[in-house]
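What's in work04.cif: mmCIF, C-alpha atoms
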```cif
data_protein
loop_
_atom_site.group_PDB
_atom_site.id
_atom_site.type_symbol
_atom_site.label_atom_id
_atom_site.label_comp_id
_atom_site.auth_asym_id
_atom_site.auth_seq_id
_atom_site.Cartn_x
_atom_site.Cartn_y
_atom_site.Cartn_z
ATOM 1 C CA MET N 1 86.658 127.183 123.753
ATOM 2 C CA ASP N 2 90.132 125.731 123.191
ATOM 3 C CA GLU N 3 91.474 126.727 119.746
ATOM 4 C CA THR N 4 92.290 123.108 118.859
ATOM 5 C CA VAL N 5 88.738 122.033 119.671
ATOM 6 C CA SER N 6 87.212 125.018 117.863
ATOM 7 C CA ASP N 7 89.242 124.349 114.717
ATOM 8 C CA ALA N 8 88.417 120.635 114.834
ATOM 9 C CA LEU N 9 84.697 121.364 115.157
ATOM 10 C CA GLY N 10 84.862 123.619 112.113
ATOM 11 C CA ARG N 11 86.480 120.896 109.999
ATOM 12 C CA LEU N 12 84.059 118.311 111.352
ATOM 13 C CA ALA N 13 81.078 120.439 110.340
ATOM 14 C CA ASP N 14 82.527 121.014 106.870
ATOM 15 C CA THR N 15 83.698 117.533 105.836
ATOM 16 C CA GLY N 16 82.269 115.177 108.463
ATOM 17 C CA PHE N 17 85.658 114.286 109.917
ATOM 18 C CA CYS N 18 88.823 115.887 111.250
ATOM 19 C CA VAL N 19 92.374 114.775 112.059
ATOM 20 C CA ILE N 20 94.217 116.180 115.069
ATOM 21 C CA GLU N 21 97.900 115.311 115.027
ATOM 22 C CA GLY N 22 100.012 114.654 118.113
ATOM 23 C CA ALA N 23 97.129 113.691 120.409
ATOM 24 C CA LEU N 24 99.071 110.717 121.840
ATOM 25 C CA THR N 25 102.615 110.789 123.206
ATOM 26 C CA PRO N 26 105.199 108.270 121.929
ATOM 27 C CA ASP N 27 105.177 106.543 125.336
ATOM 28 C CA THR N 28 101.399 106.154 125.275
ATOM 29 C CA ILE N 29 101.513 104.826 121.713
ATOM 30 C CA ALA N 30 104.078 102.208 122.727
ATOM 31 C CA VAL N 31 101.920 101.071 125.668
ATOM 32 C CA LEU N 32 98.743 100.879 123.567
ATOM 33 C CA LYS N 33 100.454 98.961 120.775
ATOM 34 C CA ALA N 34 101.924 96.428 123.214
ATOM 35 C CA GLU N 35 98.580 96.009 124.980
ATOM 36 C CA ILE N 36 96.675 95.495 121.714
ATOM 37 C CA ASP N 37 99.185 92.891 120.524
ATOM 38 C CA ALA N 38 99.079 91.052 123.851
ATOM 39 C CA VAL N 39 95.268 90.910 123.954
ATOM 40 C CA ALA N 40 95.038 89.940 120.263
ATOM 41 C CA ALA N 41 97.543 87.116 120.722
ATOM 42 C CA ARG N 42 95.760 85.848 123.829
ATOM 43 C CA GLU N 43 92.377 85.810 122.105
ATOM 44 C CA ARG N 44 93.833 83.961 119.124
ATOM 45 C CA ALA N 45 95.386 81.391 121.459
ATOM 46 C CA GLU N 46 92.107 80.994 123.351
ATOM 47 C CA GLU N 47 90.189 80.817 120.060
ATOM 48 C CA THR N 48 87.931 83.640 121.223
ATOM 49 C CA CYS N 49 89.120 86.086 118.563
ATOM 50 C CA TRP N 50 86.576 87.770 116.309
ATOM 51 C CA TYR N 51 87.211 88.568 112.633
ATOM 52 C CA SER N 52 85.439 90.776 110.135
ATOM 53 C CA HIS N 53 86.585 91.072 106.511
ATOM 54 C CA GLY N 54 89.939 89.594 107.573
ATOM 55 C CA ASN N 55 90.436 92.166 110.336
ATOM 56 C CA GLN N 56 90.779 91.128 113.965
ATOM 57 C CA ARG N 57 88.401 93.032 116.231
ATOM 58 C CA ILE N 58 88.905 93.305 119.979
ATOM 59 C CA PHE N 59 85.783 94.192 121.913
ATOM 60 C CA MET N 60 85.266 95.678 125.380
ATOM 61 C CA LEU N 61 88.714 97.248 125.775
ATOM 62 C CA ALA N 62 87.516 98.820 129.028
ATOM 63 C CA ASN N 63 88.033 95.367 130.568
ATOM 64 C CA LYS N 64 91.436 94.786 128.998
ATOM 65 C CA GLY N 65 93.860 97.334 130.411
ATOM 66 C CA LYS N 66 94.008 100.644 132.275
ATOM 67 C CA ALA N 67 95.556 102.355 129.241
ATOM 68 C CA PHE N 68 92.348 101.694 127.297
ATOM 69 C CA LEU N 69 90.053 102.776 130.120
ATOM 70 C CA ASP N 70 91.990 106.032 130.507
ATOM 71 C CA LEU N 71 91.379 106.872 126.832
ATOM 72 C CA ILE N 72 87.618 107.181 127.297
ATOM 73 C CA GLU N 73 88.028 110.377 129.332
ATOM 74 C CA HIS N 74 90.903 111.876 127.318
ATOM 75 C CA PRO N 75 90.300 115.657 127.577
ATOM 76 C CA LEU N 76 90.505 116.334 123.837
ATOM 77 C CA ALA N 77 88.149 113.549 122.746
ATOM 78 C CA LEU N 78 85.750 114.287 125.572
ATOM 79 C CA ALA N 79 85.621 118.005 124.747
ATOM 80 C CA LEU N 80 84.759 117.210 121.126
ATOM 81 C CA ALA N 81 82.188 114.558 122.005
ATOM 82 C CA ARG N 82 80.439 116.857 124.464
ATOM 83 C CA ALA N 83 80.454 119.778 122.022
ATOM 84 C CA VAL N 84 78.904 117.731 119.213
ATOM 85 C CA LEU N 85 76.517 115.564 121.225
ATOM 86 C CA ASP N 86 75.686 116.656 124.762
ATOM 87 C CA PRO N 87 77.610 117.459 127.949
ATOM 88 C CA ASP N 88 76.156 114.221 129.360
ATOM 89 C CA CYS N 89 77.053 112.019 126.362
ATOM 90 C CA LEU N 90 77.864 108.357 126.956
ATOM 91 C CA LEU N 91 80.573 106.025 125.752
ATOM 92 C CA SER N 92 78.855 103.500 123.500
ATOM 93 C CA SER N 93 81.871 101.197 123.075
ATOM 94 C CA ILE N 94 85.655 101.109 122.875
ATOM 95 C CA THR N 95 87.215 98.524 120.556
ATOM 96 C CA ALA N 96 90.372 97.846 118.563
ATOM 97 C CA ASN N 97 90.571 97.006 114.877
ATOM 98 C CA ILE N 98 93.659 95.345 113.417
ATOM 99 C CA ALA N 99 93.509 95.623 109.622
ATOM 100 C CA ASN N 100 95.531 92.621 108.503
ATOM 101 C CA PRO N 101 97.357 92.252 105.181
ATOM 102 C CA GLY N 102 95.104 90.568 102.646
ATOM 103 C CA ASN N 103 91.856 91.776 104.209
ATOM 104 C CA THR N 104 88.904 92.969 102.143
ATOM 105 C CA SER N 105 87.344 96.426 102.196
ATOM 106 C CA GLN N 106 84.465 96.927 104.579
ATOM 107 C CA HIS N 107 81.112 97.974 103.130
ATOM 108 C CA LEU N 108 80.313 101.665 103.349
ATOM 109 C CA HIS N 109 78.249 102.543 106.385
ATOM 110 C CA ALA N 110 77.404 105.399 108.754
ATOM 111 C CA ASP N 111 77.835 104.818 112.475
ATOM 112 C CA GLN N 112 74.292 105.935 113.284
ATOM 113 C CA GLY N 113 72.817 103.692 110.632
ATOM 114 C CA TYR N 114 70.351 102.151 113.103
ATOM 115 C CA ILE N 115 68.541 105.513 113.355
ATOM 116 C CA PRO N 116 65.817 106.098 110.725
ATOM 117 C CA LEU N 117 66.568 108.737 108.086
ATOM 118 C CA PRO N 118 66.659 111.703 107.750
ATOM 119 C CA TRP N 119 69.585 112.632 109.984
ATOM 120 C CA PRO N 120 69.457 116.386 110.679
ATOM 121 C CA ARG N 121 72.237 116.113 113.273
ATOM 122 C CA ALA N 122 74.895 113.740 114.565
ATOM 123 C CA GLU N 123 73.551 111.375 117.215
ATOM 124 C CA VAL N 124 76.941 109.671 117.666
ATOM 125 C CA VAL N 125 80.598 110.443 117.029
ATOM 126 C CA ASN N 126 83.385 107.926 116.529
ATOM 127 C CA PHE N 127 87.013 108.596 117.423
ATOM 128 C CA ILE N 128 89.973 106.725 116.010
ATOM 129 C CA TRP N 129 93.146 106.681 118.078
ATOM 130 C CA VAL N 130 95.792 106.154 115.411
ATOM 131 C CA VAL N 131 98.180 103.585 116.899
ATOM 132 C CA ASP N 132 99.828 102.814 113.540
ATOM 133 C CA PRO N 133 99.973 105.389 110.747
ATOM 134 C CA PHE N 134 96.887 105.174 108.522
ATOM 135 C CA THR N 135 98.037 105.056 104.884
ATOM 136 C CA GLU N 136 96.322 104.177 101.628
ATOM 137 C CA ARG N 137 98.393 100.989 101.361
ATOM 138 C CA ASN N 138 97.823 99.622 104.867
ATOM 139 C CA GLY N 139 94.040 99.888 104.926
ATOM 140 C CA ALA N 140 93.262 103.427 106.028
ATOM 141 C CA THR N 141 89.553 104.038 106.534
ATOM 142 C CA ARG N 142 87.871 105.009 103.252
ATOM 143 C CA ILE N 143 85.518 107.971 103.598
ATOM 144 C CA ILE N 144 83.174 110.140 101.549
ATOM 145 C CA PRO N 145 83.884 113.713 102.671
ATOM 146 C CA GLY N 146 80.740 115.779 103.104
ATOM 147 C CA SER N 147 78.408 112.768 103.065
ATOM 148 C CA HIS N 148 77.159 113.711 106.539
ATOM 149 C CA LYS N 149 75.170 116.481 104.865
ATOM 150 C CA CYS N 150 73.299 114.078 102.566
ATOM 151 C CA MET N 151 69.881 112.811 103.577
ATOM 152 C CA THR N 152 70.140 109.582 101.568
ATOM 153 C CA PRO N 153 72.764 106.795 101.486
ATOM 154 C CA PRO N 154 75.442 107.057 98.788
ATOM 155 C CA ALA N 155 75.568 104.742 95.797
ATOM 156 C CA PRO N 156 77.456 101.471 96.478
ATOM 157 C CA ASP N 157 80.140 102.517 93.974
ATOM 158 C CA ALA N 158 80.485 106.080 95.295
ATOM 159 C CA GLU N 159 84.011 107.464 95.196
ATOM 160 C CA THR N 160 85.877 107.353 98.501
ATOM 161 C CA LEU N 161 89.136 108.837 99.739
ATOM 162 C CA PRO N 162 91.637 107.276 102.156
ATOM 163 C CA LEU N 163 91.549 108.895 105.584
ATOM 164 C CA CYS N 164 95.301 109.077 106.071
ATOM 165 C CA ALA N 165 96.643 110.090 109.483
ATOM 166 C CA PRO N 166 100.031 109.949 111.224
ATOM 167 C CA GLN N 167 100.747 107.771 114.234
ATOM 168 C CA GLY N 168 99.470 109.358 117.439
ATOM 169 C CA ALA N 169 96.709 111.360 115.761
ATOM 170 C CA LEU N 170 93.093 111.522 116.871
ATOM 171 C CA VAL N 171 90.455 111.242 114.150
ATOM 172 C CA CYS N 172 86.885 112.340 114.856
ATOM 173 C CA MET N 173 84.035 111.250 112.574
ATOM 174 C CA ASP N 174 80.483 112.586 112.537
ATOM 175 C CA GLY N 175 78.054 109.672 112.994
ATOM 176 C CA ARG N 176 76.413 110.472 109.644
ATOM 177 C CA VAL N 177 79.536 110.340 107.467
ATOM 178 C CA TRP N 178 79.827 107.269 105.211
ATOM 179 C CA HIS N 179 83.023 105.258 105.519
ATOM 180 C CA GLY N 180 84.564 101.785 105.816
ATOM 181 C CA THR N 181 87.874 100.069 106.568
ATOM 182 C CA GLY N 182 90.125 99.961 103.507
ATOM 183 C CA SER N 183 92.143 97.086 102.039
ATOM 184 C CA ASN N 184 95.566 96.438 103.543
ATOM 185 C CA LEU N 185 97.765 95.891 100.483
ATOM 186 C CA THR N 186 101.017 95.427 102.407
ATOM 187 C CA GLN N 187 102.686 92.061 102.914
ATOM 188 C CA ASP N 188 103.449 92.219 106.608
ATOM 189 C CA MET N 189 102.140 95.473 108.143
ATOM 190 C CA PRO N 190 99.029 95.068 110.301
ATOM 191 C CA ARG N 191 97.358 98.419 110.972
ATOM 192 C CA ARG N 192 96.129 98.960 114.534
ATOM 193 C CA GLY N 193 93.497 101.494 115.541
ATOM 194 C CA ILE N 194 91.384 102.057 118.652
ATOM 195 C CA PHE N 195 87.782 103.158 118.143
ATOM 196 C CA ALA N 196 86.011 105.069 120.940
ATOM 197 C CA TYR N 197 82.360 105.536 120.051
ATOM 198 C CA TYR N 198 80.174 108.073 121.917
ATOM 199 C CA CYS N 199 76.416 108.632 121.768
ATOM 200 C CA ARG N 200 73.771 111.035 123.048
ATOM 201 C CA PRO N 201 72.634 110.157 126.579
ATOM 202 C CA TYR N 202 69.231 108.724 125.587
ATOM 203 C CA ILE N 203 70.638 106.200 123.077
ATOM 204 C CA ARG N 204 71.206 102.585 124.069
ATOM 205 C CA GLN N 205 74.945 101.898 124.247
ATOM 206 C CA GLN N 206 76.580 99.378 121.929
ATOM 207 C CA GLU N 207 78.252 97.681 124.909
ATOM 208 C CA ASN N 208 76.171 96.878 127.992
ATOM 209 C CA PHE N 209 78.778 98.112 130.451
ATOM 210 C CA THR N 210 76.631 97.551 133.537
ATOM 211 C CA ARG N 211 76.683 93.818 132.753
ATOM 212 C CA SER N 212 80.052 93.349 131.077
ATOM 213 C CA LEU N 213 82.459 95.523 133.089
ATOM 214 C CA ARG N 214 84.584 93.381 135.398
ATOM 215 C CA ARG N 215 83.344 93.817 138.975
ATOM 216 C CA GLU N 216 86.844 94.449 140.337
ATOM 217 C CA LEU N 217 87.088 97.567 138.147
ATOM 218 C CA LEU N 218 84.066 99.275 139.700
ATOM 219 C CA ALA N 219 85.957 100.688 142.670
ATOM 220 C CA GLU N 220 88.658 102.077 140.354
ATOM 221 C CA LEU N 221 86.365 104.100 138.092
ATOM 222 C CA SER N 222 86.649 107.875 138.188
ATOM 223 C CA ASP N 223 83.422 109.872 138.476
ATOM 224 C CA THR N 224 83.717 110.773 134.786
ATOM 225 C CA GLN N 225 84.266 107.163 133.720
ATOM 226 C CA ARG N 226 81.297 106.055 135.786
ATOM 227 C CA ARG N 227 79.056 108.615 134.078
ATOM 228 C CA LEU N 228 80.382 107.801 130.598
ATOM 229 C CA LEU N 229 79.815 104.081 131.066
ATOM 230 C CA GLY N 230 76.166 104.685 131.956
ATOM 231 C CA PHE N 231 76.091 103.869 135.667
ATOM 232 C CA ASP N 232 74.503 107.211 136.631
ATOM 233 C CA ILE N 233 70.901 108.308 136.244
ATOM 234 C CA TRP N 234 70.163 110.785 133.432
ATOM 235 C CA GLN N 235 66.844 112.663 133.343
ATOM 236 C CA GLY N 236 65.266 109.796 135.265
ATOM 237 C CA LEU N 237 66.644 107.142 132.876
ATOM 238 C CA GLY N 238 68.856 104.340 134.135
ATOM 239 C CA ALA N 239 67.386 104.078 137.599
ATOM 240 C CA VAL N 240 67.889 100.986 139.768
ATOM 241 C CA ASN N 241 64.691 99.943 141.562
ATOM 242 C CA GLY N 242 63.293 103.406 140.958
ATOM 243 C CA LEU N 243 64.659 106.858 141.715
ATOM 244 C CA PRO N 244 66.603 107.428 144.959
ATOM 245 C CA THR N 245 64.386 108.358 147.895
ATOM 246 C CA ALA N 246 66.683 111.334 148.577
ATOM 247 C CA TRP N 247 65.375 112.884 145.344
ATOM 248 C CA MET N 248 61.692 112.589 146.333
ATOM 249 C CA ASP N 249 60.551 116.178 146.668
ATOM 250 C CA GLY N 250 63.095 117.790 144.399
ATOM 251 C CA ARG N 251 63.588 118.083 140.685
ATOM 252 C CA ARG N 252 66.894 116.259 140.514
ATOM 253 C CA ARG N 253 66.946 113.692 137.728
ATOM 254 C CA VAL N 254 70.660 113.511 136.912
ATOM 255 C CA GLY N 255 73.453 112.145 139.048
ATOM 256 C CA PRO N 256 75.146 109.173 140.686
ATOM 257 C CA THR N 257 73.255 106.589 142.639
ATOM 258 C CA ASP N 258 74.141 103.398 144.433
ATOM 259 C CA GLU N 259 70.731 102.291 145.624
ATOM 260 C CA ASP N 260 71.599 98.609 145.223
ATOM 261 C CA GLY N 261 74.977 98.995 146.950
ATOM 262 C CA LEU N 262 76.974 97.864 143.904
ATOM 263 C CA PHE N 263 79.738 100.438 144.207
ATOM 264 C CA ALA N 264 79.806 100.379 147.979
ATOM 265 C CA ALA N 265 80.315 96.624 147.902
ATOM 266 C CA ALA N 266 83.031 96.935 145.257
ATOM 267 C CA ALA N 267 84.883 99.485 147.382
ATOM 268 C CA LYS N 268 84.885 97.067 150.329
ATOM 269 C CA ASP N 269 85.653 93.932 148.330
ATOM 270 C CA PRO N 270 86.707 94.466 144.659
ATOM 271 C CA THR N 271 86.431 90.719 143.949
ATOM 272 C CA ARG N 272 82.668 90.609 144.585
#
```

Written as structure tokens, how would this file's structure read?
Amino acid sequence: MDETVSDALGRLADTGFCVIEGALTPDTIAVLKAEIDAVAARERAEETCWYSHGNQRIFMLANKGKAFLDLIEHPLALALARAVLDPDCLLSSITANIANPGNTSQHLHADQGYIPLPWPRAEVVNFIWVVDPFTERNGATRIIPGSHKCMTPPAPDAETLPLCAPQGALVCMDGRVWHGTGSNLTQDMPRRGIFAYYCRPYIRQQENFTRSLRRELLAELSDTQRRLLGFDIWQGLGAVNGLPTAWMDGRRRVGPTDEDGLFAAAAKDPTR
């Protein structure tokens, strides 16, 4: 196992989160920042923007630029997600969060909060691509280190620490760790972050990619992206009009299928 991944997994097991510096190049950071600002401005102009606690959220980034789609199969994030969850883990969603000056702190939560307690293991992991530096003043995520080992929710007034990270870092959070967006106390420094959320392969994804992904993107998906977005069959789950007839007398229950011709049609005519 790669030493960076091994070290990150050790810290993740100990505290419930880890920070890996230098995961994004300066050029990639510049592209992501420009893309986030462009999409955010367009959604404000169209009055389709979505706010939570004064923060602007951008959903379904997979539809909103190749730079975002490429992030879902970043080798470092994918290695960590597969090591914690399952080699066949899925992307649950990819979103952006712009913590604006004057926002209010988000309530403490765990990302697998929809799963009944107790939580003996992580069922999801959430990655933060740090587009702007995360500092205590600009609304860095507040976190309770070690709370992933607790079998009960923390008290509402539990002490939290700011999850500070430099620009270009990758933050990985165990789905059981309690956290929330902090308050941005600056006057004019919005804090941008991209959140890529992965789940075990039997969990329903936060975003219904098979319905919401733009049809013209289908032909451009890599095999890995297609699997991560949930278009393939896994252990017999996710079939389209039943299992492929080619699998009839075998034991195959995992793999790509195009029984309804969706991808074949997209390859011929991406606008369909």

* Closest of N:Arg42, N:Lys66, N:His107, N:Arg121 to Pro154 in chain N - atom-to-atom distances counting all atoms listed in the file -> N:His107

List every residue of range 107-198 of chain N that has an atom at most 10 Å from any atom of range 44-65 of chain N, and for each one report the closest atom pair and its distance in Å to one decimal, counting only C-alpha atoms, with rows sorted by chain and then by increasing residue number, as a Markdown table.
```
| residue | atom | partner | partner_atom | distance |
| --- | --- | --- | --- | --- |
| N:His107 | CA | N:His53 | CA | 9.4 |
| N:Thr181 | CA | N:His53 | CA | 9.1 |
| N:Ser183 | CA | N:His53 | CA | 9.3 |
| N:Asn184 | CA | N:Asn55 | CA | 9.5 |
| N:Pro190 | CA | N:Asn55 | CA | 9.1 |
| N:Arg191 | CA | N:Asn55 | CA | 9.3 |
| N:Arg192 | CA | N:Gln56 | CA | 9.5 |
| N:Gly193 | CA | N:Arg57 | CA | 9.9 |
| N:Ile194 | CA | N:Leu61 | CA | 9.0 |
| N:Phe195 | CA | N:Leu61 | CA | 9.7 |
| N:Ala196 | CA | N:Leu61 | CA | 9.6 |
```

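Against the coordinates shown, the PyMOL selection byres ((chain N and resi 11) around 12) returns Thr4, Val5, Ser6, Asp7, Ala8, Leu9, Gly10, Leu12, Ala13, Asp14, Thr15, Gly16, Phe17, Cys18, Val19, Ile20, Leu80, Pro145, Gly146, Val171, Cys172, Met173 and Asp174 of chain N.
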
Restricted to C-alpha atoms, what would the selected residues look like written as an mmCIF file, keeping the file's coordinate frame?
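That gives us again.cif:
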```cif
data_model
loop_
_atom_site.group_PDB
_atom_site.id
_atom_site.type_symbol
_atom_site.label_atom_id
_atom_site.label_comp_id
_atom_site.auth_asym_id
_atom_site.auth_seq_id
_atom_site.Cartn_x
_atom_site.Cartn_y
_atom_site.Cartn_z
ATOM 1 C CA THR N 4 92.290 123.108 118.859
ATOM 2 C CA VAL N 5 88.738 122.033 119.671
ATOM 3 C CA SER N 6 87.212 125.018 117.863
ATOM 4 C CA ASP N 7 89.242 124.349 114.717
ATOM 5 C CA ALA N 8 88.417 120.635 114.834
ATOM 6 C CA LEU N 9 84.697 121.364 115.157
ATOM 7 C CA GLY N 10 84.862 123.619 112.113
ATOM 8 C CA LEU N 12 84.059 118.311 111.352
ATOM 9 C CA ALA N 13 81.078 120.439 110.340
ATOM 10 C CA ASP N 14 82.527 121.014 106.870
ATOM 11 C CA THR N 15 83.698 117.533 105.836
ATOM 12 C CA GLY N 16 82.269 115.177 108.463
ATOM 13 C CA PHE N 17 85.658 114.286 109.917
ATOM 14 C CA CYS N 18 88.823 115.887 111.250
ATOM 15 C CA VAL N 19 92.374 114.775 112.059
ATOM 16 C CA ILE N 20 94.217 116.180 115.069
ATOM 17 C CA LEU N 80 84.759 117.210 121.126
ATOM 18 C CA PRO N 145 83.884 113.713 102.671
ATOM 19 C CA GLY N 146 80.740 115.779 103.104
ATOM 20 C CA VAL N 171 90.455 111.242 114.150
ATOM 21 C CA CYS N 172 86.885 112.340 114.856
ATOM 22 C CA MET N 173 84.035 111.250 112.574
ATOM 23 C CA ASP N 174 80.483 112.586 112.537
#
```

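Going from CA of Val130 in chain N over to CA of Glu35 in chain N, you cover 14.2 Å.
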
Around all the atoms of range 175-182 of chain N listed in the file, with 5 Å of room on each side, what axis-aligned box do you get, giving centre and edge lengths in Å to one decimal, as lines of an AutoDock Vina configuration file?
```
center_x = 83.3
center_y = 105.2
center_z = 108.3
size_x = 23.7
size_y = 20.5
size_z = 19.5
```

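The two atoms in question, CA of Leu213 in chain N and CA of Leu24 in chain N, are spaced 25.2 Å apart.
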
* To do: Record the distance separating CA of Gln205 in chain N and CA of Leu69 in chain N, expressed in Å with one decimal.
  => 16.2 Å

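Distances to Ile72 in chain N were evaluated for N:Val125, N:Leu229, N:Ile115, N:Met248 using all atoms listed in the file, and the minimum falls at N:Leu229.
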
Test item: residues at most 7 Å from Thr141 in chain N, only C-alpha atoms, excluding those fewer than 5 positions along its chain, as a CSV table (one decimal) with C-alpha atoms, keeping the file's coordinate frame:
```
chain,number,residue,atom,x,y,z
N,162,PRO,CA,91.6,107.3,102.2
N,163,LEU,CA,91.5,108.9,105.6
N,179,HIS,CA,83.0,105.3,105.5
N,180,GLY,CA,84.6,101.8,105.8
N,181,THR,CA,87.9,100.1,106.6
N,182,GLY,CA,90.1,100.0,103.5
```

* Might you spell out which residues the PyMOL selection byres ((chain N and resi 133) around 12) would select in the displayed file, as a PyMOL selection string? => chain N and resi 21-22+29+33+99+128-132+134-141+163-171+189-193

* Asked: Nearest to Leu71 in chain N: which of N:Ser105, N:Gln235, N:Thr28, N:Thr186 is it, counting only C-alpha atoms?
  -> N:Thr28

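Remark: for Gln206 in chain N, the closest of the candidate residues N:Asp188, N:Asp223, N:Asp111, N:Asp157 is N:Asp111 (distances computed over only C-alpha atoms).
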
* To do: With a distance cut-off of 10 Å and only C-alpha atoms, select the neighbouring residues of Asp70 in chain N, excluding the residue or stretch itself and same-chain residues fewer than 6 positions from it, and output the selection as a PyMOL selection string.
  => chain N and resi 62+221-222+225

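Taking only C-alpha atoms, the non-local environment of Leu237 in chain N within 9 Å (same-chain residues fewer than 2 positions away omitted) comprises Tyr202, Asp232, Ile233, Trp234, Gln235, Ala239, Arg253 and Val254 of chain N.
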
Writer output for current selection, C-alpha atoms, as a PDB file, in the coordinates of the input:
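And here's again34.pdb as it stands now:
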```
ATOM      1  CA  TYR N 202      69.231 108.724 125.587  1.00  0.00           C
ATOM      2  CA  ASP N 232      74.503 107.211 136.631  1.00  0.00           C
ATOM      3  CA  ILE N 233      70.901 108.308 136.244  1.00  0.00           C
ATOM      4  CA  TRP N 234      70.163 110.785 133.432  1.00  0.00           C
ATOM      5  CA  GLN N 235      66.844 112.663 133.343  1.00  0.00           C
ATOM      6  CA  ALA N 239      67.386 104.078 137.599  1.00  0.00           C
ATOM      7  CA  ARG N 253      66.946 113.692 137.728  1.00  0.00           C
ATOM      8  CA  VAL N 254      70.660 113.511 136.912  1.00  0.00           C
TER       9      VAL N 254
END
```

* Report as a ChimeraX atom specification the residues that result from applying the PyMOL selection byres ((chain N and resi 78) around 12) to the structure here. => /N:5,70-77,79-91,125-127,170,172,196-199,224-225,228

* Would you mind listing what lies within 12 Å of Pro118 in chain N as number ranges by chain, with all atoms listed in the file counted and same-chain residues fewer than 2 positions away left out? => N: 112-116, 120-123, 148-153, 176

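Distances from N:Gln106, N:Ser92, N:Ser147, N:Asn100 to Thr210 in chain N were compared using only C-alpha atoms, and the smallest one belongs to N:Ser92.
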